[in-house]
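Student: Take a look at work.cif, mmCIF, C-alpha atoms and all ligand atoms:
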```
data_query
loop_
_atom_site.group_PDB
_atom_site.id
_atom_site.type_symbol
_atom_site.label_atom_id
_atom_site.label_comp_id
_atom_site.auth_asym_id
_atom_site.auth_seq_id
_atom_site.Cartn_x
_atom_site.Cartn_y
_atom_site.Cartn_z
ATOM 1 C CA MET A 1 62.972 141.098 117.988
ATOM 2 C CA GLU A 2 64.037 141.759 114.403
ATOM 3 C CA GLN A 3 62.154 138.603 113.437
ATOM 4 C CA ASN A 4 58.998 139.798 115.187
ATOM 5 C CA ASN A 5 59.241 143.199 113.505
ATOM 6 C CA SER A 6 59.431 141.629 110.088
ATOM 7 C CA LEU A 7 56.505 139.350 110.899
ATOM 8 C CA THR A 8 54.462 142.362 112.002
ATOM 9 C CA THR A 9 55.249 144.204 108.770
ATOM 10 C CA LEU A 10 54.228 141.217 106.708
ATOM 11 C CA GLY A 11 51.281 140.342 108.916
ATOM 12 C CA LEU A 12 52.327 136.699 109.340
ATOM 13 C CA LYS A 13 51.289 135.042 112.583
ATOM 14 C CA LEU A 14 53.909 132.314 112.842
ATOM 15 C CA PRO A 15 57.654 132.578 112.173
ATOM 16 C CA SER A 16 59.243 129.922 109.977
ATOM 17 C CA ASP A 17 60.713 126.935 111.752
ATOM 18 C CA PRO A 18 64.247 128.086 112.719
ATOM 19 C CA ARG A 19 65.643 124.747 111.495
ATOM 20 C CA TRP A 20 64.572 125.631 107.977
ATOM 21 C CA VAL A 21 67.557 127.887 107.088
ATOM 22 C CA ASN A 22 70.091 125.239 108.084
ATOM 23 C CA ILE A 23 68.217 122.560 106.212
ATOM 24 C CA ALA A 24 67.942 124.840 103.177
ATOM 25 C CA GLU A 25 71.634 125.684 103.217
ATOM 26 C CA MET A 26 72.617 122.030 103.403
ATOM 27 C CA ASN A 27 70.383 121.293 100.413
ATOM 28 C CA LEU A 28 71.009 124.395 98.353
ATOM 29 C CA SER A 29 70.563 122.719 94.962
ATOM 30 C CA ASP A 30 67.114 121.383 95.888
ATOM 31 C CA ILE A 31 66.130 124.750 97.318
ATOM 32 C CA LEU A 32 67.312 126.621 94.206
ATOM 33 C CA ILE A 33 65.345 124.229 91.978
ATOM 34 C CA ASP A 34 62.196 124.624 94.066
ATOM 35 C CA HIS A 35 62.705 128.398 94.198
ATOM 36 C CA ALA A 36 62.982 128.522 90.388
ATOM 37 C CA PHE A 37 59.588 126.806 90.143
ATOM 38 C CA CYS A 38 58.134 129.273 92.683
ATOM 39 C CA GLU A 39 59.239 132.197 90.483
ATOM 40 C CA GLN A 40 57.738 130.543 87.395
ATOM 41 C CA LYS A 41 54.459 130.086 89.247
ATOM 42 C CA ALA A 42 54.519 133.676 90.523
ATOM 43 C CA ALA A 43 54.871 135.016 86.963
ATOM 44 C CA THR A 44 52.217 132.733 85.483
ATOM 45 C CA LYS A 45 49.753 133.406 88.325
ATOM 46 C CA CYS A 46 50.042 137.166 87.669
ATOM 47 C CA ILE A 47 49.366 136.547 83.980
ATOM 48 C CA THR A 48 46.355 134.411 84.935
ATOM 49 C CA LEU A 49 44.928 137.320 86.967
ATOM 50 C CA ILE A 50 45.522 139.798 84.141
ATOM 51 C CA VAL A 51 43.763 137.422 81.707
ATOM 52 C CA LYS A 52 40.911 136.776 84.162
ATOM 53 C CA TYR A 53 40.298 140.482 84.915
ATOM 54 C CA PRO A 54 41.398 142.323 81.731
ATOM 55 C CA ASP A 55 38.871 145.157 82.226
ATOM 56 C CA LEU A 56 40.210 146.116 85.681
ATOM 57 C CA ASP A 57 42.809 148.772 84.881
ATOM 58 C CA PHE A 58 44.302 149.104 88.351
ATOM 59 C CA LEU A 59 44.870 145.355 88.574
ATOM 60 C CA VAL A 60 46.301 145.114 85.047
ATOM 61 C CA ASP A 61 48.573 148.154 85.510
ATOM 62 C CA THR A 62 49.818 146.954 88.921
ATOM 63 C CA LEU A 63 50.488 143.360 87.898
ATOM 64 C CA THR A 64 51.983 143.833 84.423
ATOM 65 C CA PRO A 65 55.372 145.005 85.778
ATOM 66 C CA VAL A 66 55.192 142.277 88.458
ATOM 67 C CA VAL A 67 55.108 139.619 85.700
ATOM 68 C CA THR A 68 58.360 141.067 84.333
ATOM 69 C CA GLU A 69 59.918 141.146 87.795
ATOM 70 C CA GLU A 70 58.952 137.555 88.613
ATOM 71 C CA TRP A 71 60.348 136.346 85.308
ATOM 72 C CA GLY A 72 63.515 138.316 86.071
ATOM 73 C CA HIS A 73 63.692 136.455 89.391
ATOM 74 C CA PHE A 74 63.346 133.157 87.543
ATOM 75 C CA GLN A 75 66.233 134.147 85.267
ATOM 76 C CA ALA A 76 68.342 135.181 88.274
ATOM 77 C CA VAL A 77 67.730 131.867 90.073
ATOM 78 C CA LYS A 78 68.492 129.983 86.863
ATOM 79 C CA LYS A 79 71.802 131.870 86.657
ATOM 80 C CA GLU A 80 72.701 130.910 90.240
ATOM 81 C CA MET A 81 71.876 127.306 89.330
ATOM 82 C CA GLU A 82 74.025 127.388 86.201
ATOM 83 C CA LYS A 83 76.993 128.747 88.204
ATOM 84 C CA ARG A 84 76.710 125.619 90.343
ATOM 85 C CA GLY A 85 76.000 123.161 87.531
ATOM 86 C CA ILE A 86 72.420 122.553 88.728
ATOM 87 C CA LYS A 87 69.683 121.731 86.223
ATOM 88 C CA LEU A 88 65.929 122.160 86.486
ATOM 89 C CA THR A 89 64.055 118.940 87.113
ATOM 90 C CA ARG A 90 60.451 118.084 86.275
ATOM 91 C CA LYS A 91 57.825 120.163 88.065
ATOM 92 C CA ARG A 92 56.725 118.870 91.471
ATOM 93 C CA LYS A 93 53.811 119.342 93.800
ATOM 94 C CA ASP A 94 53.809 122.410 96.027
ATOM 95 C CA GLU A 95 52.095 121.232 99.214
ATOM 96 C CA TYR A 96 52.039 124.700 100.810
ATOM 97 C CA VAL A 97 50.289 126.328 97.839
ATOM 98 C CA ALA A 98 47.931 123.342 97.471
ATOM 99 C CA GLN A 99 46.857 123.678 101.106
ATOM 100 C CA LEU A 100 46.419 127.440 100.828
ATOM 101 C CA GLY A 101 44.221 126.857 97.786
ATOM 102 C CA LYS A 102 41.879 124.786 99.937
ATOM 103 C CA CYS A 103 41.343 127.802 102.232
ATOM 104 C CA MET A 104 39.992 129.920 99.389
ATOM 105 C CA ARG A 105 36.238 130.488 99.279
ATOM 106 C CA GLY A 106 34.338 129.844 96.081
ATOM 107 C CA GLY A 107 31.228 131.696 94.944
ATOM 108 C CA GLY A 108 30.202 135.249 95.763
ATOM 109 C CA SER A 109 30.583 138.183 93.411
ATOM 110 C CA ARG A 110 33.388 138.693 90.918
ATOM 111 C CA TYR A 111 35.037 141.101 93.374
ATOM 112 C CA ASP A 112 34.725 138.523 96.151
ATOM 113 C CA GLN A 113 36.647 136.118 93.921
ATOM 114 C CA LEU A 114 39.223 138.786 93.143
ATOM 115 C CA MET A 115 39.704 139.300 96.888
ATOM 116 C CA GLU A 116 40.271 135.561 97.409
ATOM 117 C CA ASP A 117 42.717 135.403 94.482
ATOM 118 C CA THR A 118 44.751 138.425 95.513
ATOM 119 C CA LEU A 119 44.862 137.612 99.239
ATOM 120 C CA CYS A 120 46.062 134.098 98.462
ATOM 121 C CA PHE A 121 48.949 135.561 96.441
ATOM 122 C CA ALA A 122 49.604 138.151 99.156
ATOM 123 C CA LEU A 123 50.085 135.298 101.645
ATOM 124 C CA ILE A 124 52.546 133.489 99.384
ATOM 125 C CA GLU A 125 54.497 136.714 98.784
ATOM 126 C CA ALA A 126 54.596 137.521 102.499
ATOM 127 C CA ARG A 127 55.834 134.042 103.432
ATOM 128 C CA SER A 128 58.385 134.131 100.622
ATOM 129 C CA ALA A 129 59.663 137.535 101.777
ATOM 130 C CA GLU A 130 60.040 136.174 105.306
ATOM 131 C CA ARG A 131 62.014 133.175 104.054
ATOM 132 C CA PHE A 132 64.254 135.321 101.844
ATOM 133 C CA LYS A 133 64.945 137.509 104.866
ATOM 134 C CA LEU A 134 65.956 134.459 106.894
ATOM 135 C CA LEU A 135 68.218 133.260 104.107
ATOM 136 C CA SER A 136 69.788 136.696 103.556
ATOM 137 C CA GLU A 137 70.609 136.978 107.251
ATOM 138 C CA ASN A 138 71.788 133.455 107.894
ATOM 139 C CA ILE A 139 73.267 131.886 104.792
ATOM 140 C CA SER A 140 77.060 131.729 104.866
ATOM 141 C CA GLU A 141 77.780 132.394 101.172
ATOM 142 C CA GLU A 142 78.296 136.181 100.803
ATOM 143 C CA SER A 143 76.992 136.536 97.232
ATOM 144 C CA LEU A 144 73.773 134.747 98.154
ATOM 145 C CA LYS A 145 73.139 137.077 101.108
ATOM 146 C CA ASP A 146 72.665 139.998 98.743
ATOM 147 C CA PHE A 147 70.771 137.893 96.203
ATOM 148 C CA TYR A 148 68.210 136.875 98.832
ATOM 149 C CA HIS A 149 68.083 140.365 100.334
ATOM 150 C CA GLN A 150 67.058 141.859 96.975
ATOM 151 C CA LEU A 151 64.415 139.166 96.550
ATOM 152 C CA MET A 152 63.071 139.836 100.043
ATOM 153 C CA ILE A 153 62.540 143.534 99.168
ATOM 154 C CA SER A 154 60.868 142.656 95.874
ATOM 155 C CA GLU A 155 58.478 140.020 97.288
ATOM 156 C CA ALA A 156 57.525 142.295 100.202
ATOM 157 C CA LEU A 157 56.520 144.933 97.633
ATOM 158 C CA HIS A 158 54.468 142.352 95.721
ATOM 159 C CA TYR A 159 52.712 141.462 98.947
ATOM 160 C CA ARG A 160 51.728 145.142 99.242
ATOM 161 C CA ASN A 161 50.627 145.195 95.575
ATOM 162 C CA PHE A 162 48.204 142.296 96.103
ATOM 163 C CA ILE A 163 46.704 143.827 99.261
ATOM 164 C CA GLU A 164 46.276 147.150 97.429
ATOM 165 C CA ILE A 165 44.464 145.443 94.557
ATOM 166 C CA ALA A 166 42.152 143.604 96.975
ATOM 167 C CA GLU A 167 41.397 146.917 98.731
ATOM 168 C CA PHE A 168 40.922 148.864 95.512
ATOM 169 C CA TYR A 169 37.994 146.668 94.458
ATOM 170 C CA ASN A 170 36.534 145.803 97.869
ATOM 171 C CA PRO A 171 35.721 147.678 101.082
ATOM 172 C CA LYS A 172 38.864 147.898 103.229
ATOM 173 C CA GLU A 173 37.188 146.522 106.344
ATOM 174 C CA LYS A 174 35.993 143.476 104.423
ATOM 175 C CA VAL A 175 39.507 142.812 103.088
ATOM 176 C CA ARG A 176 41.055 143.299 106.548
ATOM 177 C CA ALA A 177 38.606 140.845 108.145
ATOM 178 C CA ARG A 178 39.235 138.191 105.498
ATOM 179 C CA TRP A 179 42.994 138.792 105.657
ATOM 180 C CA GLU A 180 42.967 138.132 109.401
ATOM 181 C CA GLU A 181 41.129 134.836 108.854
ATOM 182 C CA LEU A 182 43.556 133.762 106.159
ATOM 183 C CA LEU A 183 46.609 134.688 108.251
ATOM 184 C CA ILE A 184 45.378 132.360 110.980
ATOM 185 C CA GLN A 185 44.828 129.561 108.453
ATOM 186 C CA GLU A 186 48.244 130.147 106.895
ATOM 187 C CA ALA A 187 49.904 129.914 110.316
ATOM 188 C CA GLU A 188 48.075 126.632 110.903
ATOM 189 C CA ILE A 189 49.303 125.275 107.559
ATOM 190 C CA MET A 190 52.889 126.289 108.386
ATOM 191 C CA ARG A 191 52.627 124.724 111.839
ATOM 192 C CA ASN A 192 51.630 121.370 110.386
ATOM 193 C CA LEU A 193 53.707 121.377 107.214
ATOM 194 C CA GLU A 194 56.623 119.001 107.266
ATOM 195 C CA VAL A 195 59.987 120.849 107.017
ATOM 196 C CA ARG A 196 61.229 119.296 103.805
ATOM 197 C CA LYS A 197 64.796 119.548 102.630
ATOM 198 C CA ASP A 198 63.755 120.000 99.012
ATOM 199 C CA ARG A 199 61.056 122.656 99.331
ATOM 200 C CA PHE A 200 61.244 126.419 99.551
ATOM 201 C CA HIS A 201 58.017 126.516 101.589
HETATM 202 FE FE FE A 301 59.676 136.553 92.815
HETATM 203 FE FE FE A 302 56.652 138.043 94.075
#
```
The structure in this file should be written as structure tokens.
Ligand SMILES: [Fe+2]
Ligand SMILES: [Fe+2]
Tutor:
Amino acid sequence: MEQNNSLTTLGLKLPSDPRWVNIAEMNLSDILIDHAFCEQKAATKCITLIVKYPDLDFLVDTLTPVVTEEWGHFQAVKKEMEKRGIKLTRKRKDEYVAQLGKCMRGGGSRYDQLMEDTLCFALIEARSAERFKLLSENISEESLKDFYHQLMISEALHYRNFIEIAEFYNPKEKVRARWEELLIQEAEIMRNLEVRKDRFH
């Protein structure tokens, strides 16, 4: 029930595979490494949007503090890694994000592109928030419960930020319709994605 409520709040159509938390916990170092890369990407993607749309004040003002937060998350994950003697590896392919990218439509107006960009990030934030929630509720290490709980709150707010930006520059009904389509595609990606022991998504 709790699970369904959180899915409804985030809009997601398919809960994560329940095996994922156990797999993640058994492979915590891999998951922390992959998570660190996710936070790096989150920060750099926000910067990319700010650079791409510098004249859009609402977008710039909303995302500037998000860059700082995402980099703070990276630092926090790095700290958890250091406590455990884990080092960052070379960057690796993110299959989930690569597949989401293929769902994005090209062309259209500049605001159409902005809608695609922001909804794609909203999906990643929503899925991340769902996974942090699962970790915070199920991981056995006490200090990590709170760590993941705080991240869940933060990523759920970022999800809202991206939806708000999409709706600020586009008609709400248009954003809602596209969001519904993308949620269905995201669920399909999750359904077919292999549950890997070394990936956050
Ligand atoms: Fe983050
Ligand atoms: Fe985020």
Student: Given all atoms listed in the file as the basis, pick out the residue of A:His158, A:Lys93, A:His149, A:Lys172 nearest to A:Leu123.
Tutor: A:His158
Student: Ligand FE 302 (chain A): which residues are within 7 Å, counting all atoms listed in the file? Reply as a CSV table (one decimal) with C-alpha atoms, keeping the file's coordinate frame.
Tutor:
```
chain,number,residue,atom,x,y,z
A,42,ALA,CA,54.5,133.7,90.5
A,70,GLU,CA,59.0,137.6,88.6
A,125,GLU,CA,54.5,136.7,98.8
A,154,SER,CA,60.9,142.7,95.9
A,155,GLU,CA,58.5,140.0,97.3
A,158,HIS,CA,54.5,142.4,95.7
```
Student: Could you tell me which residues the PyMOL selection byres (((chain A and resi 68) around 12) and not hetatm) grabs in this file, written as a VMD selection string?
Tutor: chain A and resid 39 to 40 42 to 44 46 to 47 62 to 67 69 to 75 154
Student: Enclose stretch 151-158 of chain A, meaning all of its atoms listed in the file, in a box aligned along x, y and z, pad it by 4 Å on each side, and list the centre and edge lengths in Å to one decimal, as JSON.
Tutor:
```
{"center_x": 59.4, "center_y": 142.0, "center_z": 98.0, "size_x": 17.9, "size_y": 13.8, "size_z": 12.5}
```
Student: Anything within 10 Å of (43.8, 135.7, 107.2): list those residues as number ranges by chain, counting all atoms listed in the file and sticking to the file's coordinates.
Tutor: A: 11-13, 103, 119-120, 123, 175-187
Student: Name the closest residue to A:Phe37 among the candidates A:Arg191, A:His201, A:Arg131, A:Arg84; distances are taken between atoms, counting only C-alpha atoms.
Tutor: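 Nearest to A:Phe37: A:His201.
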Student: Please measure the separation of atom CA of A:Asp112 and atom CA of A:Leu59, giving the value in Å to one decimal.
Tutor: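 Straight-line distance from atom CA of A:Asp112 to atom CA of A:Leu59 works out to 14.4 Å.
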Student: Nearest to ligand FE 301 (chain A) among A:Lys174, A:Asp94, A:Met81, A:Leu157, with distances taken over all atoms listed in the file: which residue is it?
Tutor: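 Selected residue with least distance to ligand FE 301 (chain A): A:Leu157.
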Student: Distance atom CA of A:Lys79-atom CA of A:Ser29, one decimal place?
Tutor: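 That distance, rounded to one decimal, is 12.4 Å.
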Student: Work out how far atom FE of ligand FE 301 (chain A) is from atom CA of A:Ile124, in Å to one decimal.
Tutor: 10.2 Å
Student: Scan for residues within 12 Å of the point (65.7, 128.2, 100.1) in the coordinates of the file, using all atoms listed in the file, and reply as an NGL selection string.
Tutor: :A and (16 or 19-38 or 77 or 127-136 or 138-139 or 144-145 or 147-148 or 151-152 or 195-201)
Student: Save out the residues we just selected, C-alpha atoms, as a CSV table (one decimal), in the frame of the given file.
Tutor:
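File produced: part09.csv:
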```
chain,number,residue,atom,x,y,z
A,16,SER,CA,59.2,129.9,110.0
A,19,ARG,CA,65.6,124.7,111.5
A,20,TRP,CA,64.6,125.6,108.0
A,21,VAL,CA,67.6,127.9,107.1
A,22,ASN,CA,70.1,125.2,108.1
A,23,ILE,CA,68.2,122.6,106.2
A,24,ALA,CA,67.9,124.8,103.2
A,25,GLU,CA,71.6,125.7,103.2
A,26,MET,CA,72.6,122.0,103.4
A,27,ASN,CA,70.4,121.3,100.4
A,28,LEU,CA,71.0,124.4,98.4
A,29,SER,CA,70.6,122.7,95.0
A,30,ASP,CA,67.1,121.4,95.9
A,31,ILE,CA,66.1,124.8,97.3
A,32,LEU,CA,67.3,126.6,94.2
A,33,ILE,CA,65.3,124.2,92.0
A,34,ASP,CA,62.2,124.6,94.1
A,35,HIS,CA,62.7,128.4,94.2
A,36,ALA,CA,63.0,128.5,90.4
A,37,PHE,CA,59.6,126.8,90.1
A,38,CYS,CA,58.1,129.3,92.7
A,77,VAL,CA,67.7,131.9,90.1
A,127,ARG,CA,55.8,134.0,103.4
A,128,SER,CA,58.4,134.1,100.6
A,129,ALA,CA,59.7,137.5,101.8
A,130,GLU,CA,60.0,136.2,105.3
A,131,ARG,CA,62.0,133.2,104.1
A,132,PHE,CA,64.3,135.3,101.8
A,133,LYS,CA,64.9,137.5,104.9
A,134,LEU,CA,66.0,134.5,106.9
A,135,LEU,CA,68.2,133.3,104.1
A,136,SER,CA,69.8,136.7,103.6
A,138,ASN,CA,71.8,133.5,107.9
A,139,ILE,CA,73.3,131.9,104.8
A,144,LEU,CA,73.8,134.7,98.2
A,145,LYS,CA,73.1,137.1,101.1
A,147,PHE,CA,70.8,137.9,96.2
A,148,TYR,CA,68.2,136.9,98.8
A,151,LEU,CA,64.4,139.2,96.6
A,152,MET,CA,63.1,139.8,100.0
A,195,VAL,CA,60.0,120.8,107.0
A,196,ARG,CA,61.2,119.3,103.8
A,197,LYS,CA,64.8,119.5,102.6
A,198,ASP,CA,63.8,120.0,99.0
A,199,ARG,CA,61.1,122.7,99.3
A,200,PHE,CA,61.2,126.4,99.6
A,201,HIS,CA,58.0,126.5,101.6
```
Student: Smallest atom-to-atom distance to ligand FE 301 (chain A): which of A:Leu49, A:Ala156, A:Gly101, A:Asp146, using all atoms listed in the file?
Tutor: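 That would be A:Ala156, the residue with the smallest distance to ligand FE 301 (chain A).
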Student: I'd like to know which of A:Leu56, A:Ala76, A:Leu193, A:Ala166 is closest to ligand FE 301 (chain A), using only C-alpha atoms and all ligand atoms.
Tutor: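 Between A:Leu56, A:Ala76, A:Leu193, A:Ala166, the residue approaching ligand FE 301 (chain A) most closely is A:Ala76.
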Student: Name the closest residue to ligand FE 301 (chain A) among the candidates A:Ile86, A:Phe121, A:Arg92, A:Met104; distances are taken between atoms, counting all atoms listed in the file.
Tutor: A:Phe121
